[in-house]
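Enquirer: What follows is a structure written as structure tokens; I'll ask about it next.
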Amino acid sequence: MIDVIIPVYNGFDETKECINSLLSCSNKSSHRLIFINDNSPNKDIHTLLNELNNENTIVLHNQNNLGFVKSVNKGMKYSNHDVILLNSDTVVTNNWIDKLYHAAYSDEKIGTVTASTNNGTIASVPYFNQDNELPEGYSIEQFSQLVEKVSDKIYPVIPTAVGHAMYIKRTMLDLIGYFDEETFGMGYGEEMDFSCRVIRRGYKNILADDTFIFHYGSTSFKSDKAKLIAIHKRKLLKKHWWYPINVKKFIYFDKKVKNICKRIEEEIRMR
């Protein structure tokens with residue numbers, strides 16, 4: 001069993017699209033969907049979640065707004081299984097859970113797996129470390145098939161997981177604990193901190209280069225994003241001073257992810 005944890009606060013249209021994609025895409029892996037309504041001010045979101053009646057779907061309602069990280073921790077503590085943390089402004093694609101699972105268990109030293117996306121910094125395709133539009137002429141599912149087609153499933157090691165779609169093994173949660181909600185309560189930086197803790201314990205974070213999930217990006221706190229980033233970057237540096245060095249080295253010197261992006265670009269041009 002794999003539990004997919006989806007915290008929801010705002011962004012009705014994106015959340016509805018995310019739900020539709022979750023319920024319509026195919027996967028062989030046994031899984032549950034755990035939605036956490038973080039006391040959304042949008043009553044339509046309450047209605048949308050309460051109308052879900054799939055037997056493998058659970059909806060948890062926070063009576064007070066807890067913030068992103070506490071909501072995610074609530075979901076991870078509710079579960080006893082491997083988890084996938086999924087943003088509510090994503091659109092998933094066929095077999096995405098199966099592919100993340102196989103990537104996670106391709107090596108016992110893997111702690112987290114991140115799916116490729118259009119809007120996820122170092123996990124972005126086709127253009128690395130950028131926000132990408134969906135290539136012209138492709139649906140989300142068609143582009144997902146292209147990404148899988150060019151993939152050699154090399155699962156490159158990355159300095160941090162990216163939170164749009166992040167697979168975490170239960171053994172890793174048992175070893176290093178949950179997200180640091182005291183430091184990163186409202187969100188941003190928590191997955192970087194967690195990834196650093198994974199590395200400190202001798203495990204690694206990888207990119208599932210055969211898996212694509214579309215991501216709109218920052219639907220829940222657009223107006224506060226810049227302020228949160230600045231504050232939480234300082235907090236992150238206090239805990240892991242070496243983290244930005246690892247990221248810079250990866251951005252400048254890693255060739256595996258850049259080569260994946262080049263192959264995707266070539267396929268798009270050849271179409």
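Residue numbering restarts at 1 for every chain of the structure tokens, chains are lettered A, B, ... in their displayed order, and ligands are numbered from 1 as they appear.
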Which residues are near A:Met172? Cut-off 8 Å, only C-alpha atoms, ignore same chain within fewer than 5 positions. Put them as a count of residues only.

Expert: 3

Enquirer: Applying 10 Å and only C-alpha atoms, which residues near A:Asp107 remain after dropping the ones on its own chain fewer than 5 positions away? List them as a tab-separated table (two decimals) with C-alpha atoms, in the first residue's frame.

Expert:
```tsv
chain	number	residue	atom	x	y	z
A	102	HIS	CA	9.96	1.10	-8.96
A	203	TYR	CA	20.86	7.83	1.83
A	204	LYS	CA	20.10	9.64	-1.42
```

Enquirer: Ranking A:Glu17, A:Tyr178, A:Ile154, A:Gln63 by minimum distance to A:Ser79 and counting only C-alpha atoms, which one comes first?

Expert: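 Smallest distance to A:Ser79 is found for A:Tyr178.
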
Enquirer: Quick one: of A:Asn246, A:Asn205, A:Asn20, A:Asn129, who's nearest to A:Val91, counting only C-alpha atoms?

Expert: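 Nearest to A:Val91: A:Asn20.
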
Enquirer: Mind the document's chain letters and residue numbers, and return as a PDB file with N, CA and C atoms, in the first residue's frame the residues of stretch 37-224 of chain A that DSSP labels helix (DSSP H, G or I).

Expert:
```pdb
ATOM      1  N   LYS A  43     -15.424  27.651   0.299  1.00  0.00           N
ATOM      2  CA  LYS A  43     -16.445  26.657   0.642  1.00  0.00           C
ATOM      3  C   LYS A  43     -16.651  25.640  -0.472  1.00  0.00           C
ATOM      4  N   ASP A  44     -16.357  26.034  -1.707  1.00  0.00           N
ATOM      5  CA  ASP A  44     -16.489  25.096  -2.815  1.00  0.00           C
ATOM      6  C   ASP A  44     -15.499  23.943  -2.678  1.00  0.00           C
ATOM      7  N   ILE A  45     -14.346  24.214  -2.077  1.00  0.00           N
ATOM      8  CA  ILE A  45     -13.366  23.146  -1.854  1.00  0.00           C
ATOM      9  C   ILE A  45     -13.893  22.155  -0.825  1.00  0.00           C
ATOM     10  N   HIS A  46     -14.530  22.652   0.234  1.00  0.00           N
ATOM     11  CA  HIS A  46     -15.151  21.756   1.215  1.00  0.00           C
ATOM     12  C   HIS A  46     -16.149  20.831   0.524  1.00  0.00           C
ATOM     13  N   THR A  47     -17.001  21.430  -0.325  1.00  0.00           N
ATOM     14  CA  THR A  47     -18.014  20.641  -1.031  1.00  0.00           C
ATOM     15  C   THR A  47     -17.361  19.623  -1.958  1.00  0.00           C
ATOM     16  N   LEU A  48     -16.361  20.066  -2.693  1.00  0.00           N
ATOM     17  CA  LEU A  48     -15.663  19.191  -3.639  1.00  0.00           C
ATOM     18  C   LEU A  48     -15.085  17.972  -2.933  1.00  0.00           C
ATOM     19  N   LEU A  49     -14.413  18.197  -1.803  1.00  0.00           N
ATOM     20  CA  LEU A  49     -13.783  17.082  -1.079  1.00  0.00           C
ATOM     21  C   LEU A  49     -14.828  16.189  -0.416  1.00  0.00           C
ATOM     22  N   ASN A  50     -15.874  16.786   0.096  1.00  0.00           N
ATOM     23  CA  ASN A  50     -16.909  15.988   0.773  1.00  0.00           C
ATOM     24  C   ASN A  50     -17.702  15.119  -0.200  1.00  0.00           C
ATOM     25  N   PHE A  68       0.969  24.324   5.700  1.00  0.00           N
ATOM     26  CA  PHE A  68       1.305  23.216   4.809  1.00  0.00           C
ATOM     27  C   PHE A  68       2.038  22.093   5.524  1.00  0.00           C
ATOM     28  N   VAL A  69       3.075  22.429   6.266  1.00  0.00           N
ATOM     29  CA  VAL A  69       3.946  21.386   6.814  1.00  0.00           C
ATOM     30  C   VAL A  69       3.238  20.568   7.889  1.00  0.00           C
ATOM     31  N   LYS A  70       2.505  21.210   8.763  1.00  0.00           N
ATOM     32  CA  LYS A  70       1.777  20.467   9.787  1.00  0.00           C
ATOM     33  C   LYS A  70       0.694  19.583   9.159  1.00  0.00           C
ATOM     34  N   SER A  71       0.086  20.068   8.088  1.00  0.00           N
ATOM     35  CA  SER A  71      -0.929  19.265   7.395  1.00  0.00           C
ATOM     36  C   SER A  71      -0.297  18.027   6.769  1.00  0.00           C
ATOM     37  N   VAL A  72       0.860  18.219   6.126  1.00  0.00           N
ATOM     38  CA  VAL A  72       1.558  17.078   5.533  1.00  0.00           C
ATOM     39  C   VAL A  72       1.961  16.078   6.607  1.00  0.00           C
ATOM     40  N   ASN A  73       2.496  16.576   7.708  1.00  0.00           N
ATOM     41  CA  ASN A  73       2.880  15.684   8.814  1.00  0.00           C
ATOM     42  C   ASN A  73       1.678  14.922   9.351  1.00  0.00           C
ATOM     43  N   LYS A  74       0.547  15.588   9.424  1.00  0.00           N
ATOM     44  CA  LYS A  74      -0.683  14.922   9.870  1.00  0.00           C
ATOM     45  C   LYS A  74      -0.998  13.746   8.964  1.00  0.00           C
ATOM     46  N   GLY A  75      -0.857  13.948   7.656  1.00  0.00           N
ATOM     47  CA  GLY A  75      -1.107  12.875   6.705  1.00  0.00           C
ATOM     48  C   GLY A  75      -0.105  11.747   6.829  1.00  0.00           C
ATOM     49  N   MET A  76       1.174  12.087   6.995  1.00  0.00           N
ATOM     50  CA  MET A  76       2.204  11.057   7.106  1.00  0.00           C
ATOM     51  C   MET A  76       2.057  10.253   8.397  1.00  0.00           C
ATOM     52  N   LYS A  77       1.595  10.905   9.462  1.00  0.00           N
ATOM     53  CA  LYS A  77       1.370  10.197  10.725  1.00  0.00           C
ATOM     54  C   LYS A  77       0.103   9.334  10.666  1.00  0.00           C
ATOM     55  N   TYR A  78      -0.857   9.766   9.883  1.00  0.00           N
ATOM     56  CA  TYR A  78      -2.079   8.971   9.690  1.00  0.00           C
ATOM     57  C   TYR A  78      -1.757   7.669   8.977  1.00  0.00           C
ATOM     58  N   TRP A  96       1.932   6.676 -12.871  1.00  0.00           N
ATOM     59  CA  TRP A  96       2.905   7.511 -12.162  1.00  0.00           C
ATOM     60  C   TRP A  96       3.285   6.907 -10.812  1.00  0.00           C
ATOM     61  N   ILE A  97       2.328   6.321 -10.098  1.00  0.00           N
ATOM     62  CA  ILE A  97       2.640   5.707  -8.804  1.00  0.00           C
ATOM     63  C   ILE A  97       3.542   4.494  -9.001  1.00  0.00           C
ATOM     64  N   ASP A  98       3.224   3.666  -9.988  1.00  0.00           N
ATOM     65  CA  ASP A  98       4.037   2.481 -10.271  1.00  0.00           C
ATOM     66  C   ASP A  98       5.480   2.873 -10.574  1.00  0.00           C
ATOM     67  N   LYS A  99       5.651   3.907 -11.388  1.00  0.00           N
ATOM     68  CA  LYS A  99       6.996   4.311 -11.796  1.00  0.00           C
ATOM     69  C   LYS A  99       7.789   4.881 -10.622  1.00  0.00           C
ATOM     70  N   LEU A 100       7.140   5.675  -9.772  1.00  0.00           N
ATOM     71  CA  LEU A 100       7.835   6.201  -8.593  1.00  0.00           C
ATOM     72  C   LEU A 100       8.217   5.074  -7.634  1.00  0.00           C
ATOM     73  N   TYR A 101       7.320   4.108  -7.485  1.00  0.00           N
ATOM     74  CA  TYR A 101       7.592   2.959  -6.616  1.00  0.00           C
ATOM     75  C   TYR A 101       8.809   2.168  -7.116  1.00  0.00           C
ATOM     76  N   HIS A 102       8.844   1.874  -8.413  1.00  0.00           N
ATOM     77  CA  HIS A 102       9.962   1.105  -8.964  1.00  0.00           C
ATOM     78  C   HIS A 102      11.270   1.866  -8.840  1.00  0.00           C
ATOM     79  N   ALA A 103      11.218   3.179  -9.011  1.00  0.00           N
ATOM     80  CA  ALA A 103      12.425   3.991  -8.826  1.00  0.00           C
ATOM     81  C   ALA A 103      12.894   3.929  -7.373  1.00  0.00           C
ATOM     82  N   ALA A 104      11.953   4.026  -6.438  1.00  0.00           N
ATOM     83  CA  ALA A 104      12.295   4.028  -5.016  1.00  0.00           C
ATOM     84  C   ALA A 104      12.986   2.740  -4.587  1.00  0.00           C
ATOM     85  N   THR A 121      12.059  23.558 -10.739  1.00  0.00           N
ATOM     86  CA  THR A 121      13.493  23.897 -10.657  1.00  0.00           C
ATOM     87  C   THR A 121      14.357  22.767 -11.224  1.00  0.00           C
ATOM     88  N   ILE A 122      15.126  22.071 -10.367  1.00  0.00           N
ATOM     89  CA  ILE A 122      16.071  21.059 -10.869  1.00  0.00           C
ATOM     90  C   ILE A 122      15.373  19.802 -11.383  1.00  0.00           C
ATOM     91  N   ALA A 123      14.073  19.699 -11.188  1.00  0.00           N
ATOM     92  CA  ALA A 123      13.303  18.568 -11.727  1.00  0.00           C
ATOM     93  C   ALA A 123      12.544  18.949 -12.988  1.00  0.00           C
ATOM     94  N   ILE A 140      -0.946  16.767 -21.697  1.00  0.00           N
ATOM     95  CA  ILE A 140      -0.127  16.363 -20.556  1.00  0.00           C
ATOM     96  C   ILE A 140       0.231  14.887 -20.648  1.00  0.00           C
ATOM     97  N   GLU A 141      -0.735  14.056 -21.014  1.00  0.00           N
ATOM     98  CA  GLU A 141      -0.471  12.621 -21.121  1.00  0.00           C
ATOM     99  C   GLU A 141       0.489  12.311 -22.264  1.00  0.00           C
ATOM    100  N   GLN A 142       0.360  12.997 -23.372  1.00  0.00           N
ATOM    101  CA  GLN A 142       1.261  12.772 -24.497  1.00  0.00           C
ATOM    102  C   GLN A 142       2.695  13.161 -24.148  1.00  0.00           C
ATOM    103  N   PHE A 143       2.844  14.259 -23.436  1.00  0.00           N
ATOM    104  CA  PHE A 143       4.197  14.668 -23.049  1.00  0.00           C
ATOM    105  C   PHE A 143       4.778  13.696 -22.026  1.00  0.00           C
ATOM    106  N   SER A 144       3.938  13.174 -21.161  1.00  0.00           N
ATOM    107  CA  SER A 144       4.382  12.154 -20.214  1.00  0.00           C
ATOM    108  C   SER A 144       4.909  10.928 -20.952  1.00  0.00           C
ATOM    109  N   GLN A 145       4.217  10.537 -22.005  1.00  0.00           N
ATOM    110  CA  GLN A 145       4.659   9.388 -22.795  1.00  0.00           C
ATOM    111  C   GLN A 145       5.988   9.661 -23.485  1.00  0.00           C
ATOM    112  N   LEU A 146       6.195  10.907 -23.933  1.00  0.00           N
ATOM    113  CA  LEU A 146       7.479  11.274 -24.538  1.00  0.00           C
ATOM    114  C   LEU A 146       8.604  11.156 -23.514  1.00  0.00           C
ATOM    115  N   VAL A 147       8.377  11.689 -22.309  1.00  0.00           N
ATOM    116  CA  VAL A 147       9.389  11.627 -21.255  1.00  0.00           C
ATOM    117  C   VAL A 147       9.764  10.179 -20.948  1.00  0.00           C
ATOM    118  N   GLU A 148       8.751   9.319 -20.856  1.00  0.00           N
ATOM    119  CA  GLU A 148       9.031   7.908 -20.583  1.00  0.00           C
ATOM    120  C   GLU A 148       9.763   7.252 -21.756  1.00  0.00           C
ATOM    121  N   LYS A 149       9.416   7.632 -22.952  1.00  0.00           N
ATOM    122  CA  LYS A 149      10.036   7.046 -24.144  1.00  0.00           C
ATOM    123  C   LYS A 149      11.543   7.287 -24.184  1.00  0.00           C
ATOM    124  N   VAL A 150      11.980   8.507 -23.866  1.00  0.00           N
ATOM    125  CA  VAL A 150      13.402   8.835 -23.970  1.00  0.00           C
ATOM    126  C   VAL A 150      14.197   8.412 -22.740  1.00  0.00           C
ATOM    127  N   ARG A 170       8.645   4.567   3.949  1.00  0.00           N
ATOM    128  CA  ARG A 170       8.284   4.532   5.361  1.00  0.00           C
ATOM    129  C   ARG A 170       9.509   4.274   6.231  1.00  0.00           C
ATOM    130  N   THR A 171      10.431   3.446   5.749  1.00  0.00           N
ATOM    131  CA  THR A 171      11.652   3.178   6.521  1.00  0.00           C
ATOM    132  C   THR A 171      12.448   4.457   6.749  1.00  0.00           C
ATOM    133  N   MET A 172      12.385   5.391   5.799  1.00  0.00           N
ATOM    134  CA  MET A 172      13.095   6.662   5.948  1.00  0.00           C
ATOM    135  C   MET A 172      12.413   7.539   6.990  1.00  0.00           C
ATOM    136  N   LEU A 173      11.081   7.561   6.963  1.00  0.00           N
ATOM    137  CA  LEU A 173      10.351   8.330   7.984  1.00  0.00           C
ATOM    138  C   LEU A 173      10.613   7.770   9.370  1.00  0.00           C
ATOM    139  N   ASP A 174      10.691   6.441   9.476  1.00  0.00           N
ATOM    140  CA  ASP A 174      10.976   5.819  10.769  1.00  0.00           C
ATOM    141  C   ASP A 174      12.384   6.165  11.247  1.00  0.00           C
ATOM    142  N   LEU A 175      13.298   6.359  10.299  1.00  0.00           N
ATOM    143  CA  LEU A 175      14.691   6.619  10.646  1.00  0.00           C
ATOM    144  C   LEU A 175      14.956   8.073  11.027  1.00  0.00           C
ATOM    145  N   ILE A 176      14.405   9.016  10.242  1.00  0.00           N
ATOM    146  CA  ILE A 176      14.766  10.422  10.476  1.00  0.00           C
ATOM    147  C   ILE A 176      13.599  11.306  10.905  1.00  0.00           C
ATOM    148  N   GLU A 181       8.212  20.943  11.352  1.00  0.00           N
ATOM    149  CA  GLU A 181       7.095  21.890  11.324  1.00  0.00           C
ATOM    150  C   GLU A 181       7.333  23.105  12.195  1.00  0.00           C
ATOM    151  N   GLU A 182       8.217  23.001  13.178  1.00  0.00           N
ATOM    152  CA  GLU A 182       8.513  24.158  14.012  1.00  0.00           C
ATOM    153  C   GLU A 182       9.270  25.224  13.221  1.00  0.00           C
ATOM    154  N   THR A 183      10.142  24.795  12.330  1.00  0.00           N
ATOM    155  CA  THR A 183      10.957  25.727  11.545  1.00  0.00           C
ATOM    156  C   THR A 183      10.270  26.181  10.273  1.00  0.00           C
ATOM    157  N   PHE A 184       9.559  25.264   9.597  1.00  0.00           N
ATOM    158  CA  PHE A 184       9.033  25.546   8.265  1.00  0.00           C
ATOM    159  C   PHE A 184       7.513  25.415   8.200  1.00  0.00           C
ATOM    160  N   GLU A 190      10.863  22.892   3.658  1.00  0.00           N
ATOM    161  CA  GLU A 190      10.738  21.679   4.460  1.00  0.00           C
ATOM    162  C   GLU A 190      11.271  20.448   3.740  1.00  0.00           C
ATOM    163  N   GLU A 191      11.032  20.348   2.411  1.00  0.00           N
ATOM    164  CA  GLU A 191      11.532  19.191   1.675  1.00  0.00           C
ATOM    165  C   GLU A 191      13.047  19.256   1.490  1.00  0.00           C
ATOM    166  N   MET A 192      13.598  20.467   1.448  1.00  0.00           N
ATOM    167  CA  MET A 192      15.056  20.621   1.357  1.00  0.00           C
ATOM    168  C   MET A 192      15.717  20.180   2.661  1.00  0.00           C
ATOM    169  N   ASP A 193      15.135  20.615   3.763  1.00  0.00           N
ATOM    170  CA  ASP A 193      15.637  20.194   5.072  1.00  0.00           C
ATOM    171  C   ASP A 193      15.553  18.677   5.215  1.00  0.00           C
ATOM    172  N   PHE A 194      14.427  18.102   4.829  1.00  0.00           N
ATOM    173  CA  PHE A 194      14.257  16.652   4.917  1.00  0.00           C
ATOM    174  C   PHE A 194      15.292  15.937   4.051  1.00  0.00           C
ATOM    175  N   SER A 195      15.511  16.452   2.847  1.00  0.00           N
ATOM    176  CA  SER A 195      16.482  15.844   1.934  1.00  0.00           C
ATOM    177  C   SER A 195      17.893  15.898   2.495  1.00  0.00           C
ATOM    178  N   CYS A 196      18.227  16.997   3.155  1.00  0.00           N
ATOM    179  CA  CYS A 196      19.546  17.109   3.801  1.00  0.00           C
ATOM    180  C   CYS A 196      19.690  16.077   4.917  1.00  0.00           C
ATOM    181  N   ARG A 197      18.628  15.851   5.646  1.00  0.00           N
ATOM    182  CA  ARG A 197      18.664  14.839   6.709  1.00  0.00           C
ATOM    183  C   ARG A 197      18.808  13.435   6.118  1.00  0.00           C
ATOM    184  N   VAL A 198      18.177  13.217   4.950  1.00  0.00           N
ATOM    185  CA  VAL A 198      18.354  11.945   4.237  1.00  0.00           C
ATOM    186  C   VAL A 198      19.832  11.732   3.908  1.00  0.00           C
ATOM    187  N   ILE A 199      20.463  12.753   3.360  1.00  0.00           N
ATOM    188  CA  ILE A 199      21.872  12.669   2.965  1.00  0.00           C
ATOM    189  C   ILE A 199      22.760  12.439   4.177  1.00  0.00           C
ATOM    190  N   ARG A 200      22.483  13.142   5.263  1.00  0.00           N
ATOM    191  CA  ARG A 200      23.297  12.992   6.481  1.00  0.00           C
ATOM    192  C   ARG A 200      23.290  11.561   7.012  1.00  0.00           C
TER     193      ARG A 200
END
```

Enquirer: In Å, with one decimal, what is the gap from atom CA of A:Phe35 to atom CA of A:Asn54?

Expert: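 Distance between the two atoms: 12.0 Å.
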
Enquirer: Please identify which residues in stretch 47-236 of chain A DSSP calls strand (DSSP E) from the backbone, and express them as an MDAnalysis selection string.

Expert: chainID A and resid 57:61 82:86 90:91 110:117 157:158 165:168 204:215

Enquirer: Could those selected residues go to a file with N, CA and C atoms, as a short mmCIF file (atom, residue, chain, number, x, y, z; two decimals), in the first residue's frame?

Expert:
```cif
data_model
loop_
_atom_site.label_atom_id
_atom_site.label_comp_id
_atom_site.auth_asym_id
_atom_site.auth_seq_id
_atom_site.Cartn_x
_atom_site.Cartn_y
_atom_site.Cartn_z
N THR A 57 -10.39 6.56 -0.93
CA THR A 57 -10.15 7.99 -0.71
C THR A 57 -10.56 8.39 0.70
N ILE A 58 -9.68 9.09 1.36
CA ILE A 58 -9.92 9.57 2.73
C ILE A 58 -9.78 11.09 2.73
N VAL A 59 -10.69 11.77 3.41
CA VAL A 59 -10.62 13.22 3.54
C VAL A 59 -10.53 13.58 5.02
N LEU A 60 -9.47 14.28 5.37
CA LEU A 60 -9.27 14.76 6.74
C LEU A 60 -9.46 16.27 6.74
N HIS A 61 -10.25 16.78 7.66
CA HIS A 61 -10.52 18.22 7.75
C HIS A 61 -9.83 18.80 8.98
N ASP A 82 4.55 3.64 2.86
CA ASP A 82 5.26 4.60 2.03
C ASP A 82 4.26 5.69 1.64
N VAL A 83 4.78 6.91 1.44
CA VAL A 83 3.89 8.01 1.10
C VAL A 83 4.40 8.75 -0.14
N ILE A 84 3.47 9.35 -0.84
CA ILE A 84 3.80 10.31 -1.89
C ILE A 84 3.13 11.62 -1.51
N LEU A 85 3.92 12.67 -1.35
CA LEU A 85 3.37 13.99 -1.08
C LEU A 85 3.12 14.66 -2.42
N LEU A 86 1.87 15.05 -2.64
CA LEU A 86 1.48 15.59 -3.94
C LEU A 86 0.80 16.94 -3.76
N THR A 90 -1.29 19.92 -9.20
CA THR A 90 -0.63 19.05 -10.16
C THR A 90 -1.67 18.27 -10.97
N VAL A 91 -1.21 17.74 -12.09
CA VAL A 91 -2.02 16.82 -12.90
C VAL A 91 -1.18 15.58 -13.11
N ILE A 110 18.09 4.50 -1.48
CA ILE A 110 17.25 5.63 -1.91
C ILE A 110 16.28 5.98 -0.79
N GLY A 111 16.24 7.27 -0.46
CA GLY A 111 15.32 7.75 0.57
C GLY A 111 14.10 8.43 0.01
N THR A 112 14.31 9.26 -1.03
CA THR A 112 13.19 9.97 -1.66
C THR A 112 13.30 9.90 -3.17
N VAL A 113 12.14 10.03 -3.82
CA VAL A 113 12.08 10.08 -5.29
C VAL A 113 11.22 11.27 -5.68
N THR A 114 11.71 12.04 -6.66
CA THR A 114 10.96 13.18 -7.18
C THR A 114 10.59 12.92 -8.63
N ALA A 115 9.38 13.22 -9.01
CA ALA A 115 8.95 13.08 -10.41
C ALA A 115 9.42 14.29 -11.21
N SER A 116 9.73 14.05 -12.48
CA SER A 116 10.00 15.17 -13.40
C SER A 116 8.72 15.97 -13.58
N THR A 117 8.89 17.25 -13.90
CA THR A 117 7.74 18.13 -14.05
C THR A 117 8.09 19.28 -14.97
N VAL A 157 20.93 11.09 -9.11
CA VAL A 157 20.93 11.61 -7.74
C VAL A 157 20.83 13.12 -7.80
N ILE A 158 19.96 13.69 -6.97
CA ILE A 158 19.78 15.14 -6.91
C ILE A 158 20.01 15.62 -5.47
N ALA A 165 5.83 16.45 -6.15
CA ALA A 165 5.49 15.02 -6.12
C ALA A 165 6.71 14.29 -5.57
N MET A 166 6.64 13.93 -4.31
CA MET A 166 7.80 13.44 -3.57
C MET A 166 7.47 12.12 -2.88
N TYR A 167 8.09 11.04 -3.33
CA TYR A 167 7.90 9.71 -2.75
C TYR A 167 8.88 9.55 -1.58
N ILE A 168 8.37 9.12 -0.43
CA ILE A 168 9.21 8.88 0.75
C ILE A 168 8.93 7.48 1.28
N LYS A 204 20.08 8.70 -0.30
CA LYS A 204 20.10 9.64 -1.42
C LYS A 204 18.71 9.98 -1.92
N ASN A 205 18.65 11.12 -2.57
CA ASN A 205 17.44 11.62 -3.21
C ASN A 205 17.64 11.47 -4.72
N ILE A 206 16.63 10.92 -5.40
CA ILE A 206 16.78 10.71 -6.85
C ILE A 206 15.63 11.32 -7.62
N LEU A 207 15.86 11.48 -8.93
CA LEU A 207 14.85 11.95 -9.86
C LEU A 207 14.35 10.77 -10.68
N ALA A 208 13.04 10.57 -10.74
CA ALA A 208 12.46 9.54 -11.59
C ALA A 208 12.34 10.12 -12.99
N ASP A 209 13.36 9.88 -13.81
CA ASP A 209 13.43 10.53 -15.11
C ASP A 209 12.46 9.93 -16.12
N ASP A 210 11.74 8.88 -15.74
CA ASP A 210 10.73 8.29 -16.63
C ASP A 210 9.31 8.74 -16.27
N THR A 211 9.17 9.64 -15.29
CA THR A 211 7.85 10.00 -14.76
C THR A 211 7.63 11.50 -14.89
N PHE A 212 6.55 11.90 -15.54
CA PHE A 212 6.23 13.32 -15.69
C PHE A 212 4.89 13.62 -15.04
N ILE A 213 4.87 14.68 -14.23
CA ILE A 213 3.64 15.19 -13.61
C ILE A 213 3.58 16.69 -13.87
N PHE A 214 2.47 17.16 -14.39
CA PHE A 214 2.31 18.58 -14.67
C PHE A 214 2.08 19.34 -13.37
N HIS A 215 2.69 20.53 -13.27
CA HIS A 215 2.59 21.34 -12.05
C HIS A 215 2.31 22.79 -12.42
#
```

Enquirer: Residues at most 12 Å from A:Lys249, counting only C-alpha atoms, excluding those fewer than 6 positions away in the same chain, as a list in words?

Expert: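 Skipping anything fewer than 6 positions along the chain leaves Ile158, Pro159, Trp242, Tyr243 and Lys255 of chain A.
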
Enquirer: Rank nothing, just name the residue among A:Asn10, A:Asn37, A:Thr93, A:Ser106 nearest to A:Leu23, using only C-alpha atoms.

Expert: A:Thr93

Enquirer: Tell me, in Å to one decimal, how far atom CA of A:Pro156 is from atom CA of A:Leu228.

Expert: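 Interatomic distance here is 28.8 Å.
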
Enquirer: My list of candidates is A:Arg32, A:Lys16, A:Lys256, A:Lys235. Which is closest to A:Asp180 when distances are computed with only C-alpha atoms?

Expert: A:Lys235

Enquirer: Enter the distance from atom CA of A:Lys239 to atom CA of A:Val257, in Å, rounded to one decimal.

Expert: 27.0 Å
